[in-house]
Each structure stands twice: as structure tokens, then as C-alpha cells.
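Below: run_4.cif (mmCIF, C-alpha atoms)
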```cif
data_protein
#
loop_
_atom_site.label_atom_id
_atom_site.label_comp_id
_atom_site.auth_asym_id
_atom_site.auth_seq_id
_atom_site.Cartn_x
_atom_site.Cartn_y
_atom_site.Cartn_z
CA MET A 166 25.76 41.46 -13.10
CA LYS A 167 23.30 41.03 -10.24
CA THR A 168 23.06 37.72 -8.40
CA VAL A 169 21.11 34.83 -9.89
CA GLN A 170 18.40 35.18 -7.24
CA GLU A 171 17.96 38.93 -7.84
CA GLN A 172 17.86 38.44 -11.62
CA ILE A 173 15.21 35.73 -11.31
CA ARG A 174 13.10 37.99 -9.09
CA ILE A 175 13.15 40.74 -11.72
CA ILE A 176 12.74 38.41 -14.70
CA THR A 177 9.76 36.55 -13.22
CA LYS A 178 7.85 39.71 -12.21
CA GLY A 179 4.40 39.51 -13.81
CA VAL A 180 5.24 36.32 -15.75
CA ASN A 181 2.39 33.88 -16.42
CA THR A 182 4.46 30.76 -17.15
CA LEU A 183 8.18 29.98 -16.90
CA VAL A 184 9.70 26.82 -18.36
CA SER A 185 11.70 26.32 -16.27
CA GLU A 186 13.06 28.26 -13.27
CA GLU A 187 15.68 25.57 -12.58
CA GLU A 188 17.02 25.80 -16.14
CA LEU A 189 16.93 29.61 -16.03
CA SER A 190 18.93 29.59 -12.79
CA ALA A 191 21.56 27.35 -14.40
CA LYS A 192 21.78 29.59 -17.49
CA LEU A 193 22.14 32.72 -15.37
CA GLN A 194 24.85 31.13 -13.23
CA LYS A 195 26.79 30.11 -16.35
CA SER A 196 26.28 33.59 -17.77
CA ILE A 197 27.84 35.16 -14.67
CA GLU A 198 30.75 32.69 -14.58
CA GLU A 199 31.57 33.19 -18.27
CA ASN A 200 30.71 36.91 -18.28
CA ARG A 201 28.48 36.20 -21.30
CA PRO A 202 25.07 37.82 -21.77
CA LEU A 203 22.13 35.54 -22.51
CA THR A 204 20.46 35.79 -25.92
CA ILE A 205 16.79 36.71 -25.63
CA LYS A 206 14.59 36.07 -28.64
CA LEU A 207 11.35 37.79 -29.57
CA GLY A 208 9.71 36.93 -32.87
CA LEU A 209 7.49 39.53 -34.49
CA ASP A 210 5.03 38.71 -37.23
CA PRO A 211 5.03 41.90 -39.33
CA SER A 212 1.32 41.93 -40.05
CA ALA A 213 0.08 44.45 -37.44
CA PRO A 214 2.73 47.11 -36.87
CA ASP A 215 0.86 49.51 -34.56
CA ILE A 216 2.18 48.78 -31.07
CA HIS A 217 0.16 49.51 -27.92
CA LEU A 218 0.88 48.77 -24.25
CA GLY A 219 -0.48 45.24 -24.67
CA HIS A 220 2.18 44.49 -27.29
CA ALA A 221 4.79 46.28 -25.20
CA VAL A 222 4.40 43.88 -22.26
CA VAL A 223 7.01 41.49 -23.71
CA LEU A 224 9.19 44.40 -24.86
CA ARG A 225 9.28 45.81 -21.33
CA LYS A 226 10.29 42.39 -19.98
CA ILE A 227 13.12 42.24 -22.51
CA LYS A 228 14.20 45.77 -21.52
CA GLN A 229 14.38 44.64 -17.89
CA MET A 230 16.66 41.78 -18.93
CA GLN A 231 18.76 44.15 -21.04
CA ASP A 232 19.21 46.29 -17.92
CA LEU A 233 20.53 43.12 -16.24
CA GLY A 234 23.20 42.88 -18.94
CA HIS A 235 21.64 40.54 -21.49
CA ARG A 236 21.10 41.07 -25.23
CA ALA A 237 18.01 40.83 -27.38
CA VAL A 238 17.47 39.51 -30.87
CA ILE A 239 14.29 40.84 -32.42
CA LEU A 240 13.36 38.44 -35.15
CA ILE A 241 11.23 39.97 -37.88
CA GLY A 242 9.34 37.11 -39.51
CA ASP A 243 9.60 38.35 -43.06
CA PHE A 244 9.66 34.74 -44.29
CA THR A 245 7.11 33.29 -41.85
CA GLY A 246 4.96 36.38 -42.45
CA LYS A 247 4.26 35.07 -45.92
CA ILE A 248 2.37 32.23 -44.24
CA GLY A 249 0.90 34.15 -41.32
CA ASP A 250 0.74 32.81 -37.78
CA PRO A 251 -2.34 30.55 -37.52
CA THR A 252 -2.46 31.01 -33.72
CA GLY A 253 -6.01 31.76 -32.63
CA LYS A 254 -7.28 32.00 -36.17
CA SER A 255 -10.48 30.30 -37.28
CA LYS A 256 -9.22 30.26 -40.85
CA GLY A 257 -5.95 30.60 -42.72
CA ARG A 258 -4.39 33.99 -43.19
CA VAL A 259 -3.86 35.66 -46.52
CA ALA A 260 -0.11 35.71 -47.22
CA LEU A 261 1.58 39.12 -47.10
CA THR A 262 3.50 40.45 -50.08
CA ASP A 263 7.23 41.21 -49.82
CA GLU A 264 6.42 44.93 -49.95
CA GLN A 265 3.85 44.68 -47.11
CA VAL A 266 6.25 42.69 -44.95
CA GLN A 267 9.11 45.18 -45.44
CA GLU A 268 6.91 48.21 -44.77
CA ASN A 269 5.43 46.67 -41.63
CA ALA A 270 8.88 45.61 -40.44
CA LYS A 271 10.16 49.18 -40.83
CA THR A 272 7.26 50.48 -38.74
CA TYR A 273 7.92 47.84 -36.07
CA CYS A 274 11.58 48.82 -35.82
CA GLU A 275 10.67 52.48 -35.36
CA GLN A 276 8.36 51.60 -32.47
CA ILE A 277 10.27 48.87 -30.59
CA PHE A 278 13.11 51.26 -29.82
CA LYS A 279 10.71 53.39 -27.82
CA VAL A 280 11.13 50.55 -25.31
CA LEU A 281 14.32 48.58 -26.00
CA ASP A 282 17.96 49.56 -25.59
CA LYS A 283 19.16 49.90 -29.18
CA ASP A 284 22.78 49.19 -28.22
CA LYS A 285 21.78 45.80 -26.75
CA THR A 286 19.38 44.83 -29.54
CA GLU A 287 20.01 43.06 -32.82
CA VAL A 288 17.30 42.99 -35.47
CA ARG A 289 17.34 39.95 -37.75
CA PHE A 290 15.08 38.73 -40.58
CA ASN A 291 14.41 35.00 -40.70
CA SER A 292 14.54 34.95 -44.50
CA GLU A 293 18.34 34.94 -43.94
CA TRP A 294 18.25 31.21 -43.21
CA LEU A 295 14.74 30.03 -44.08
CA GLY A 296 15.06 31.38 -47.60
CA GLU A 297 18.24 29.38 -48.10
CA LEU A 298 16.90 25.95 -47.05
CA LYS A 299 16.99 23.25 -49.71
CA PHE A 300 13.96 21.02 -50.11
CA GLU A 301 15.87 18.09 -48.61
CA GLU A 302 16.52 20.20 -45.50
CA VAL A 303 12.86 21.19 -45.32
CA LEU A 304 11.89 17.51 -45.31
CA LYS A 305 14.37 16.83 -42.51
CA LEU A 306 12.84 19.70 -40.54
CA ALA A 307 9.33 18.33 -41.11
CA ALA A 308 10.48 14.91 -39.90
CA THR A 309 11.21 16.30 -36.42
CA SER A 310 7.50 16.56 -35.62
CA THR A 311 4.28 14.65 -36.24
CA VAL A 312 0.78 15.47 -37.42
CA ALA A 313 -0.52 14.36 -34.01
CA ARG A 314 1.78 16.86 -32.30
CA MET A 315 0.60 19.66 -34.56
CA MET A 316 -3.02 18.77 -33.93
CA GLU A 317 -2.48 19.42 -30.23
CA ARG A 318 -2.88 23.08 -31.09
CA ASP A 319 -6.29 24.27 -30.00
CA ASP A 320 -6.95 26.34 -33.13
CA PHE A 321 -6.10 23.44 -35.44
CA GLN A 322 -8.38 21.13 -33.44
CA LYS A 323 -11.28 23.54 -33.71
CA ARG A 324 -10.79 24.08 -37.43
CA PHE A 325 -10.54 20.34 -38.04
CA ALA A 326 -13.70 19.67 -36.00
CA SER A 327 -15.64 22.33 -37.91
CA ASN A 328 -14.37 21.12 -41.32
CA THR A 329 -12.55 24.44 -41.84
CA PRO A 330 -9.60 23.90 -44.19
CA ILE A 331 -6.09 23.73 -42.73
CA GLY A 332 -3.34 24.32 -45.25
CA LEU A 333 -0.42 21.90 -45.03
CA HIS A 334 1.91 24.89 -45.14
CA GLU A 335 0.43 26.14 -41.85
CA PHE A 336 2.01 23.20 -40.03
CA PHE A 337 5.36 24.67 -41.01
CA TYR A 338 4.83 27.92 -39.12
CA PRO A 339 5.73 26.59 -35.63
CA LEU A 340 8.55 24.55 -37.16
CA MET A 341 10.03 27.61 -38.84
CA GLN A 342 9.69 29.66 -35.66
CA ALA A 343 11.47 26.86 -33.82
CA TYR A 344 14.19 26.77 -36.48
CA ASP A 345 14.74 30.48 -35.83
CA SER A 346 15.65 29.62 -32.22
CA VAL A 347 18.16 27.05 -33.45
CA ASN A 348 19.82 29.52 -35.81
CA ILE A 349 20.31 32.31 -33.31
CA LYS A 350 21.03 29.88 -30.44
CA ALA A 351 18.36 31.49 -28.26
CA ASP A 352 18.75 31.15 -24.49
CA ILE A 353 15.32 32.61 -23.76
CA GLU A 354 12.24 33.18 -25.90
CA LEU A 355 9.39 35.45 -24.87
CA GLY A 356 5.82 35.67 -26.02
CA GLY A 357 2.24 35.95 -24.88
CA THR A 358 0.40 32.93 -23.53
CA ASP A 359 -1.10 32.50 -26.99
CA GLN A 360 2.41 31.65 -28.25
CA THR A 361 2.90 28.70 -25.87
CA PHE A 362 2.83 26.01 -28.57
CA ASN A 363 5.25 27.82 -30.89
CA ILE A 364 7.79 28.64 -28.17
CA LEU A 365 7.77 25.12 -26.70
CA MET A 366 8.29 23.80 -30.23
CA GLY A 367 11.53 25.81 -30.23
CA ARG A 368 12.68 23.98 -27.09
CA THR A 369 11.89 20.63 -28.71
CA LEU A 370 13.76 21.38 -31.94
CA GLN A 371 16.81 22.74 -30.14
CA LYS A 372 17.02 19.51 -28.11
CA THR A 373 16.60 17.42 -31.27
CA MET A 374 19.46 19.31 -32.91
CA GLY A 375 21.77 18.96 -29.93
CA GLN A 376 21.44 22.47 -28.52
CA GLU A 377 20.72 23.57 -24.97
CA GLN A 378 17.00 24.28 -24.72
CA GLN A 379 15.76 27.84 -24.55
CA ILE A 380 13.81 29.08 -21.54
CA ALA A 381 10.16 29.81 -22.33
CA ILE A 382 8.78 32.97 -20.74
CA LEU A 383 5.08 33.49 -21.36
CA MET A 384 3.55 36.81 -20.43
CA PRO A 385 -0.14 37.26 -19.56
CA ILE A 386 -2.57 39.04 -21.84
CA LEU A 387 -3.15 42.66 -20.78
CA GLU A 388 -6.77 43.79 -20.52
CA GLY A 389 -7.60 47.14 -22.05
CA LEU A 390 -9.30 50.21 -20.59
CA ASP A 391 -12.64 48.41 -20.42
CA GLY A 392 -11.10 46.05 -17.86
CA VAL A 393 -12.48 42.99 -19.63
CA GLU A 394 -11.28 42.46 -23.18
CA LYS A 395 -7.70 42.03 -24.38
CA MET A 396 -6.19 45.40 -25.26
CA SER A 397 -6.97 45.93 -28.91
CA LYS A 398 -7.00 48.84 -31.32
CA SER A 399 -10.12 47.48 -33.02
CA LEU A 400 -11.97 47.52 -29.68
CA GLY A 401 -10.80 51.05 -28.89
CA ASN A 402 -9.62 50.03 -25.40
CA TYR A 403 -5.92 50.55 -26.09
CA ILE A 404 -3.10 52.92 -25.11
CA GLY A 405 -0.76 53.35 -28.07
CA VAL A 406 2.97 53.81 -27.46
CA SER A 407 3.05 56.52 -30.15
CA GLU A 408 0.12 58.54 -28.78
CA SER A 409 0.71 62.04 -27.48
CA ALA A 410 1.65 62.51 -23.83
CA GLN A 411 -1.68 64.21 -23.10
CA VAL A 412 -3.71 61.34 -24.55
CA MET A 413 -1.54 58.68 -22.92
CA PHE A 414 -1.73 60.27 -19.46
CA LYS A 415 -5.51 60.70 -19.70
CA LYS A 416 -6.00 57.11 -20.84
CA VAL A 417 -3.89 55.66 -18.03
CA MET A 418 -6.10 57.53 -15.56
CA GLU A 419 -9.02 55.54 -17.05
CA VAL A 420 -7.47 52.17 -16.14
CA PRO A 421 -9.91 50.32 -13.84
CA ASP A 422 -8.84 50.30 -10.19
CA ALA A 423 -8.83 46.49 -10.18
CA LEU A 424 -6.03 46.50 -12.79
CA ILE A 425 -3.71 49.04 -11.17
CA LEU A 426 -1.27 46.44 -9.83
CA LYS A 427 -1.30 44.45 -13.06
CA TYR A 428 -0.43 47.58 -15.04
CA PHE A 429 2.43 48.37 -12.63
CA GLU A 430 3.73 44.80 -13.14
CA LEU A 431 3.35 44.54 -16.91
CA THR A 432 3.68 48.06 -18.32
CA THR A 433 6.43 49.56 -16.14
CA ASP A 434 9.97 48.60 -15.16
CA MET A 435 9.25 49.09 -11.45
CA HIS A 436 11.15 46.71 -9.15
CA PRO A 437 9.08 43.98 -7.43
CA ASP A 438 9.91 45.47 -4.00
CA GLU A 439 8.37 48.80 -5.01
CA ILE A 440 5.27 47.05 -6.38
CA ASP A 441 4.88 45.30 -3.02
CA ILE A 442 4.76 48.76 -1.41
CA ILE A 443 2.10 49.89 -3.91
CA LYS A 444 0.06 46.79 -3.07
CA GLU A 445 0.34 47.52 0.65
CA ARG A 446 -0.80 51.13 0.12
CA LEU A 447 -3.88 49.95 -1.74
CA GLU A 448 -4.67 47.35 0.92
CA LYS A 449 -4.48 50.05 3.60
CA GLY A 450 -7.16 52.02 1.80
CA GLU A 451 -5.18 54.75 0.04
CA ASN A 452 -7.15 56.48 -2.71
CA PRO A 453 -6.59 54.43 -5.91
CA ARG A 454 -6.75 57.65 -7.92
CA ASP A 455 -3.55 58.94 -6.30
CA ILE A 456 -1.73 55.70 -7.03
CA LYS A 457 -3.08 55.67 -10.57
CA TYR A 458 -1.77 59.22 -11.02
CA HIS A 459 1.71 57.89 -10.17
CA LEU A 460 1.16 55.07 -12.69
CA ALA A 461 0.22 57.62 -15.36
CA GLU A 462 3.40 59.59 -14.60
CA ILE A 463 5.57 56.48 -14.94
CA ILE A 464 4.00 55.13 -18.15
CA THR A 465 3.87 58.52 -19.88
CA GLY A 466 7.46 59.21 -18.80
CA LEU A 467 8.62 55.95 -20.40
CA TYR A 468 7.52 57.10 -23.85
CA HIS A 469 7.86 60.90 -23.65
CA THR A 470 10.28 63.59 -22.52
CA ALA A 471 10.11 65.19 -19.08
CA GLU A 472 8.76 68.37 -20.67
CA GLU A 473 6.00 66.50 -22.49
CA LEU A 474 5.07 64.68 -19.29
CA GLU A 475 4.82 67.97 -17.39
CA GLU A 476 2.60 69.44 -20.11
CA ALA A 477 0.38 66.34 -19.99
CA LYS A 478 0.02 66.61 -16.21
CA ASN A 479 -0.85 70.31 -16.43
CA TYR A 480 -3.40 69.60 -19.15
CA TYR A 481 -4.99 66.80 -17.12
CA GLU A 482 -5.17 68.91 -13.98
CA ALA A 483 -6.77 71.78 -15.85
CA ALA A 484 -9.25 69.65 -17.76
CA PHE A 485 -10.22 66.91 -15.34
CA SER A 486 -9.23 67.62 -11.76
CA LYS A 487 -10.86 70.92 -10.78
CA LYS A 488 -14.18 69.45 -9.69
CA ALA A 489 -15.84 71.27 -12.59
CA ILE A 490 -16.83 67.88 -13.98
CA PRO A 491 -19.19 65.74 -11.87
CA ASP A 492 -17.90 62.36 -10.68
CA HIS A 493 -20.74 60.37 -12.24
CA ILE A 494 -21.79 61.37 -15.73
CA PRO A 495 -23.42 59.43 -18.59
CA GLU A 496 -21.27 57.84 -21.24
CA LEU A 497 -21.59 57.63 -25.01
CA VAL A 498 -19.97 54.78 -26.94
CA MET A 499 -18.74 56.26 -30.22
CA GLU A 500 -19.35 54.21 -33.32
CA GLY A 501 -16.52 55.31 -35.63
CA GLU A 502 -12.74 54.88 -35.34
CA ARG A 503 -11.95 58.56 -35.95
CA ASN A 504 -14.59 60.88 -34.54
CA THR A 505 -15.38 64.59 -34.66
CA LEU A 506 -18.24 66.62 -33.20
CA GLN A 507 -19.83 66.39 -36.64
CA THR A 508 -19.76 62.58 -36.77
CA ILE A 509 -21.08 62.06 -33.22
CA MET A 510 -23.88 64.63 -33.53
CA PRO A 511 -26.46 62.01 -34.68
CA GLN A 512 -25.65 59.91 -31.58
CA LEU A 513 -25.96 62.95 -29.32
CA MET A 514 -29.43 63.60 -30.73
CA LYS A 515 -30.44 59.94 -30.49
CA GLU A 516 -29.46 59.79 -26.81
CA LYS A 517 -31.25 63.13 -26.12
CA PHE A 518 -28.14 65.09 -25.21
CA VAL A 519 -29.18 67.69 -27.81
CA PRO A 520 -32.69 68.23 -29.25
CA SER A 521 -31.53 68.91 -32.81
CA SER A 522 -28.51 69.51 -34.99
CA ASN A 523 -29.45 73.18 -35.34
CA GLU A 524 -29.55 73.64 -31.57
CA PHE A 525 -26.16 71.97 -31.20
CA LYS A 526 -24.67 74.19 -33.90
CA ARG A 527 -26.15 77.26 -32.21
CA LEU A 528 -24.62 76.35 -28.85
CA LEU A 529 -21.32 75.66 -30.58
CA MET A 530 -21.24 79.08 -32.26
CA GLN A 531 -22.14 80.83 -28.99
CA GLY A 532 -19.41 79.13 -26.98
CA GLY A 533 -21.83 76.85 -25.16
CA VAL A 534 -19.92 73.62 -25.92
CA GLN A 535 -16.77 72.59 -24.06
CA LEU A 536 -14.39 69.70 -24.63
CA ASN A 537 -12.48 68.86 -21.46
CA GLN A 538 -13.42 72.32 -20.11
CA ILE A 539 -12.08 74.12 -23.17
CA LYS A 540 -14.53 75.92 -25.44
CA VAL A 541 -14.79 74.56 -28.96
CA THR A 542 -16.48 76.16 -31.96
CA SER A 543 -15.77 73.80 -34.87
CA LEU A 544 -17.71 70.69 -35.86
CA GLU A 545 -14.40 69.31 -37.17
CA GLN A 546 -12.99 69.18 -33.63
CA GLU A 547 -11.66 65.66 -33.07
CA ILE A 548 -12.92 63.77 -30.05
CA GLY A 549 -11.58 60.61 -28.49
CA SER A 550 -12.20 58.02 -25.80
CA GLY A 551 -12.24 59.56 -22.30
CA ASP A 552 -12.99 63.09 -23.51
CA VAL A 553 -15.74 64.91 -21.63
CA LEU A 554 -18.19 67.05 -23.56
CA LYS A 555 -20.20 69.75 -21.80
CA ILE A 556 -23.27 70.88 -23.74
CA GLY A 557 -24.93 74.01 -22.41
CA LYS A 558 -24.75 74.71 -18.67
CA LYS A 559 -25.58 71.32 -17.14
CA LYS A 560 -25.25 68.44 -19.60
CA PHE A 561 -22.08 66.35 -19.44
CA VAL A 562 -21.22 63.23 -21.43
CA ARG A 563 -18.04 61.12 -21.38
CA MET A 564 -16.95 59.51 -24.63
CA LYS A 565 -16.06 55.81 -24.78
#
```

Target format C-alpha cells, applied to this file:
Amino acid sequence: MKTVQEQIRIITKGVNTLVSEEELSAKLQKSIEENRPLTIKLGLDPSAPDIHLGHAVVLRKIKQMQDLGHRAVILIGDFTGKIGDPTGKSKGRVALTDEQVQENAKTYCEQIFKVLDKDKTEVRFNSEWLGELKFEEVLKLAATSTVARMMERDDFQKRFASNTPIGLHEFFYPLMQAYDSVNIKADIELGGTDQTFNILMGRTLQKTMGQEQQIAILMPILEGLDGVEKMSKSLGNYIGVSESAQVMFKKVMEVPDALILKYFELTTDMHPDEIDIIKERLEKGENPRDIKYHLAEIITGLYHTAEELEEAKNYYEAAFSKKAIPDHIPELVMEGERNTLQTIMPQLMKEKFVPSSNEFKRLLMQGGVQLNQIKVTSLEQEIGSGDVLKIGKKKFVRMK
């Protein structure tokens, strides 16, 4: 294993909050002395199984710790998923069925191993122990906290102030998540900053039950391609880990320049020393596009083969880097989730990119329409965010 100081440097890269570095140092020292890997916990609520780079921020951090010799326990909340995490919700969630939970959990498992080392990862379901609790044990668990403590949660406060119902069962969610930490004897738990309350509850319950407290590592929220909002599939500003290499590479090249360093920190496994060099290059005025190109190579290479990466680079160079597309072109925000030339045609007419549907169809049939510099002839051609449409000889429009 690496030294305690080197491990802490790698572990804390990009971290928003660490509770606490002193405790982490002690755990790492003990780990080295006993030649025992630390147990890293990540709880997943199986209600939204499509993983994008925003979700993968915590997975990448776990992978970095696996590379340091530690082991991960991915906890699928099949039992807690029946309640639904109330974090950030203005109202209670509809409980998932057993079938929905199992299907979502299967999808999660398929995707997390695009990031994690399967040999150093154990997947557990918290129904193993939560489903076995007797009512007397549930009451003892409930007695470890207070209503006042639960009401410290921002979302509960807001719902209470607005007279929005709070189900009594929702108070059990953080308690059950904390009980998970007790059962697997977690040394470290990771999550986004929105999971602060739940993860700290795990520390409290472990202490109450006589265990050494887990370290809380809270990762920042990753902004999407718009540079403003949290990466989200519903907002269309996401980069999915299962997207093709061509799409992934193109999307990374759309990351705002102001977020280049943050993406290096949170979406790659690059060492902090190398990131310092990237920062210095940017400060000295190097073209951000060149550095972003390197970022696109790294991220795409993490999720695809070397051959797929090479094909993506060739495609990008052919479609976007030959100066055939002007630097500044108008943009069109697409309204649907899945779009084709047929579905965006009304918007193209509304924004005066084409005078009529008949004229657009005529240009299409005559080879006068290009998508990323490749001629297209079918209205069923799919089109996505970042694609550039050339209509006729001079009109360009970039899709958003």
C-alpha cells in the first residue's frame, strides 16, 4: 500500500467535505499495519438506474480507493427503496414494487462495473438484515434518534412549513441507511453533498452501537454541459456512461471551459500532481480546446476500448475540426427527448432556418442537408445535442 499521506492526497482529490481527515489518517495507518483493506460503502437507491458522469463521480472515487488496495460494498437499497429517499423531495415518493426494485438493481449492477473493479467489489442488498428485524428491534432503532434531529433535514423543514405531509415511515429512511453501515461495519461512506444528513446519521448510529465511526466523504455535484444545472438526463445536459464512444467524445468537447479542471478532478482517475500541471497550462494561456481534447480522450477511454476511442476521434476530426463549420453559429434547443429531422422540422420553420416543410424535404432529397458534414436523406435520421445541421449552402444550426 502507498503511504498514509499519499493515500489521503488521492482520496481527497475533488472532495467537497471530509469528516474527518484525522480519523481517516488513523484508519489508513491501522489498515497498513494490519494489512487489512478498508471497507468503503456506497448506497444506491434503485429508482433511477441510468448512470451518467454525474452519478459516476462517487464511483470513480471508490475506484481510486480500490486501486489503493481497499474494497467496496455496493449496497442496493432494495428494502429502503420501498420507502424512497426523501432527500430533496417536496413530497413523499411512491414506493417501488419488488419487481421494479429488482429490475433497477440489475441495471445498476451492469453499469457500475463500467467503473469499479469487480474483484474488489461486493454487492449486497439491505433486505438481508432490514427484512429480518423484529418490531422490538425496530423500536430500539427508532429510540436512537429524535424527532428534533430528523427535523434538522432541510427538506423535512420545508415540507413541515408548507403543510406538506411527511409520512412517519420517511423518518426511518436515514435510520435504515445508518443501520446498513452498522451491519457491514463500514470504514468509509461516500455520497453527494445531498446525502450529508444520511451519511452522518450512519456515524452517529455506529458510535451508539459501539462501533468505530465511518469516515464521511461527500462529493460535489457535477454541473452538466450547460455549465449551470446539475447533470441530469431530464435536462438533456448529461453524458451517459453507456453512450457510444462517438457521442461521448463529442459531448465532452462541449464541456464549458470553466469546468475543465472540475471534470478532470471528478470524472477521471488522474493523479493530483498531473491535474496541477493541467491547471498551470491553462493559467499560462494554452488553448482550452487542446486540453479539453485530452479530457475527451481520457473520459471516452475509461468507458470504451482503444479501437472505439480511435474511431470516435477520427469521427470528431472529420465532422467538427476541419474548419468547414463556422466557430459561431446559432443554436436550436430541441423540445423532445428523442429527436429526428422529422420532429424538429416545425422548430426549424419557426426559427426561419427553412421556409417550409416542402423546401426542407426538397433539399433533403437533393443532398442539400448535412448532419455533422455528412449528407443525410431521411427524415427519420436521429439528431442529438451538439449535432450540427447544415441546410443548403450557408445555413448552420447547432442542436442543444

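Run against this file, the PyMOL selection byres ((chain A and resi 191-204) around 6) gives back A:Val169, A:Glu188, A:Leu189, A:Ser190, A:Ile205, A:His235, A:Arg236, A:Ala237, A:Ala351, A:Asp352.
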
Taking all atoms listed in the file into account, produce a table as JSON lines in which each residue of range 467-487 of chain A with an atom at most 9 Å from an atom of range 396-409 of chain A appears once, together with its shortest atom pair and the distance in Å to one decimal, ordered by chain and rising number.
```
{"residue": "A:Tyr468", "atom": "CA", "partner": "A:Val406", "partner_atom": "CA", "distance": 6.7}
{"residue": "A:His469", "atom": "CA", "partner": "A:Ser409", "partner_atom": "CA", "distance": 8.2}
{"residue": "A:Glu473", "atom": "CA", "partner": "A:Ser409", "partner_atom": "CA", "distance": 8.5}
{"residue": "A:Ala477", "atom": "CA", "partner": "A:Ser409", "partner_atom": "CA", "distance": 8.6}
```

How would the residues just chosen look if you wrote them out with C-alpha atoms as an mmCIF file, in the frame of the given file?
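Result went into again-v1.cif, see below:
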```cif
data_model
loop_
_atom_site.group_PDB
_atom_site.id
_atom_site.type_symbol
_atom_site.label_atom_id
_atom_site.label_comp_id
_atom_site.auth_asym_id
_atom_site.auth_seq_id
_atom_site.Cartn_x
_atom_site.Cartn_y
_atom_site.Cartn_z
ATOM 1 C CA TYR A 468 7.520 57.100 -23.850
ATOM 2 C CA HIS A 469 7.860 60.900 -23.650
ATOM 3 C CA GLU A 473 6.000 66.500 -22.490
ATOM 4 C CA ALA A 477 0.380 66.340 -19.990
#
```

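Pairwise distance (CA of Leu554 in chain A, CA of Phe525 in chain A) equals 12.1 Å.
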
Residues within 8 Å of range 361-366 of chain A, all atoms listed in the file, excluding chain neighbours under 4 positions, as a list in words: Arg318, Pro339, Leu340, Gln342, Ala343, Glu354, Leu355, Gly356, Gly357, Leu370, Ala381 and Leu383 of chain A

Top pick for closest residue to Met413 in chain A, considering A:Phe561, A:Tyr458, A:Phe244, A:Phe290 and counting only C-alpha atoms: A:Tyr458

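The list of residues with at least one atom within 8 Å of Gly242 in chain A, based on all atoms listed in the file and without residues fewer than 4 positions apart in the same chain, reads Gly208, Leu209, Asp210, Pro211, Gly246, Phe290, Asn291 and Ser292 of chain A.
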
With C-alpha atoms retained, export the selected residues as a PDB file, keeping the file's coordinate frame.
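Writing the result to result-v1.pdb gives the following:
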```pdb
ATOM      1  CA  GLY A 208       9.710  36.930 -32.870  1.00  0.00           C
ATOM      2  CA  LEU A 209       7.490  39.530 -34.490  1.00  0.00           C
ATOM      3  CA  ASP A 210       5.030  38.710 -37.230  1.00  0.00           C
ATOM      4  CA  PRO A 211       5.030  41.900 -39.330  1.00  0.00           C
ATOM      5  CA  GLY A 246       4.960  36.380 -42.450  1.00  0.00           C
ATOM      6  CA  PHE A 290      15.080  38.730 -40.580  1.00  0.00           C
ATOM      7  CA  ASN A 291      14.410  35.000 -40.700  1.00  0.00           C
ATOM      8  CA  SER A 292      14.540  34.950 -44.500  1.00  0.00           C
TER       9      SER A 292
END
```

Residues returned when the PyMOL selection byres ((chain A and resi 171) around 12) runs on this file, as a VMD selection string: chain A and resid 166 to 170 172 to 178 190 193 to 194 230 233 436 to 438

Please, which residues in range 183-234 of chain A fall within 7 Å of range 266-281 of chain A when counting only C-alpha atoms, and what is the closest atom pair and distance in Å to one decimal for each, ordered by chain then residue number, as CSV?
```
residue,atom,partner,partner_atom,distance
A:Pro211,CA,A:Asn269,CA,5.3
A:Ser212,CA,A:Asn269,CA,6.5
A:Pro214,CA,A:Tyr273,CA,5.3
A:Ile216,CA,A:Gln276,CA,6.9
A:Leu224,CA,A:Val280,CA,6.5
A:Arg225,CA,A:Val280,CA,6.5
A:Lys228,CA,A:Leu281,CA,5.3
```

List, as an mmCIF file with C-alpha atoms, keeping the file's coordinate frame, every residue that the PyMOL selection byres ((chain A and resi 512) around 12) selects in the file provided.
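In the end it all went to out04.cif:
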```cif
data_model
loop_
_atom_site.group_PDB
_atom_site.id
_atom_site.type_symbol
_atom_site.label_atom_id
_atom_site.label_comp_id
_atom_site.auth_asym_id
_atom_site.auth_seq_id
_atom_site.Cartn_x
_atom_site.Cartn_y
_atom_site.Cartn_z
ATOM 1 C CA GLU A 496 -21.270 57.840 -21.240
ATOM 2 C CA LEU A 497 -21.590 57.630 -25.010
ATOM 3 C CA VAL A 498 -19.970 54.780 -26.940
ATOM 4 C CA MET A 499 -18.740 56.260 -30.220
ATOM 5 C CA GLU A 500 -19.350 54.210 -33.320
ATOM 6 C CA GLY A 501 -16.520 55.310 -35.630
ATOM 7 C CA ASN A 504 -14.590 60.880 -34.540
ATOM 8 C CA THR A 505 -15.380 64.590 -34.660
ATOM 9 C CA LEU A 506 -18.240 66.620 -33.200
ATOM 10 C CA GLN A 507 -19.830 66.390 -36.640
ATOM 11 C CA THR A 508 -19.760 62.580 -36.770
ATOM 12 C CA ILE A 509 -21.080 62.060 -33.220
ATOM 13 C CA MET A 510 -23.880 64.630 -33.530
ATOM 14 C CA PRO A 511 -26.460 62.010 -34.680
ATOM 15 C CA LEU A 513 -25.960 62.950 -29.320
ATOM 16 C CA MET A 514 -29.430 63.600 -30.730
ATOM 17 C CA LYS A 515 -30.440 59.940 -30.490
ATOM 18 C CA GLU A 516 -29.460 59.790 -26.810
ATOM 19 C CA LYS A 517 -31.250 63.130 -26.120
ATOM 20 C CA PHE A 518 -28.140 65.090 -25.210
ATOM 21 C CA VAL A 519 -29.180 67.690 -27.810
ATOM 22 C CA PRO A 520 -32.690 68.230 -29.250
ATOM 23 C CA SER A 521 -31.530 68.910 -32.810
ATOM 24 C CA SER A 522 -28.510 69.510 -34.990
ATOM 25 C CA VAL A 562 -21.220 63.230 -21.430
ATOM 26 C CA MET A 564 -16.950 59.510 -24.630
#
```

Interatomic distance, CA of Glu502 in chain A to CA of Arg563 in chain A (Å, one decimal): 16.2 Å

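Relative to CA of Lys226 in chain A, CA of Asp284 in chain A is found at 16.4 Å.
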
Distance query Lys526 in chain A at most 9 Å, all atoms listed in the file, self and fewer than 5 positions along chain excluded, as number ranges by chain: A: 521, 531, 542-544

Write out as a JSON list (two decimals) with C-alpha atoms, keeping the file's coordinate frame which residues come within 12 Å of Glu439 in chain A when counting only C-alpha atoms, dropping same-chain ones fewer than 4 positions away.
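Once everything was written out, this is part-v7.json:
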```json
[["chain", "number", "residue", "atom", "x", "y", "z"],
["A", 175, "ILE", "CA", 13.15, 40.74, -11.72],
["A", 178, "LYS", "CA", 7.85, 39.71, -12.21],
["A", 426, "LEU", "CA", -1.27, 46.44, -9.83],
["A", 429, "PHE", "CA", 2.43, 48.37, -12.63],
["A", 430, "GLU", "CA", 3.73, 44.80, -13.14],
["A", 433, "THR", "CA", 6.43, 49.56, -16.14],
["A", 434, "ASP", "CA", 9.97, 48.60, -15.16],
["A", 435, "MET", "CA", 9.25, 49.09, -11.45],
["A", 443, "ILE", "CA", 2.10, 49.89, -3.91],
["A", 444, "LYS", "CA", 0.06, 46.79, -3.07],
["A", 445, "GLU", "CA", 0.34, 47.52, 0.65],
["A", 446, "ARG", "CA", -0.80, 51.13, 0.12]]
```

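Minimum distance to Gly367 in chain A across A:Leu390, A:Glu475, A:Lys299, A:Thr309 (counting all atoms listed in the file) occurs at A:Thr309.
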
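Among A:Ile349, A:Ser185, A:Ala221, A:Gly332, the residue with the shortest atom-to-atom distance to Glu287 in chain A, counting only C-alpha atoms, is A:Ile349.
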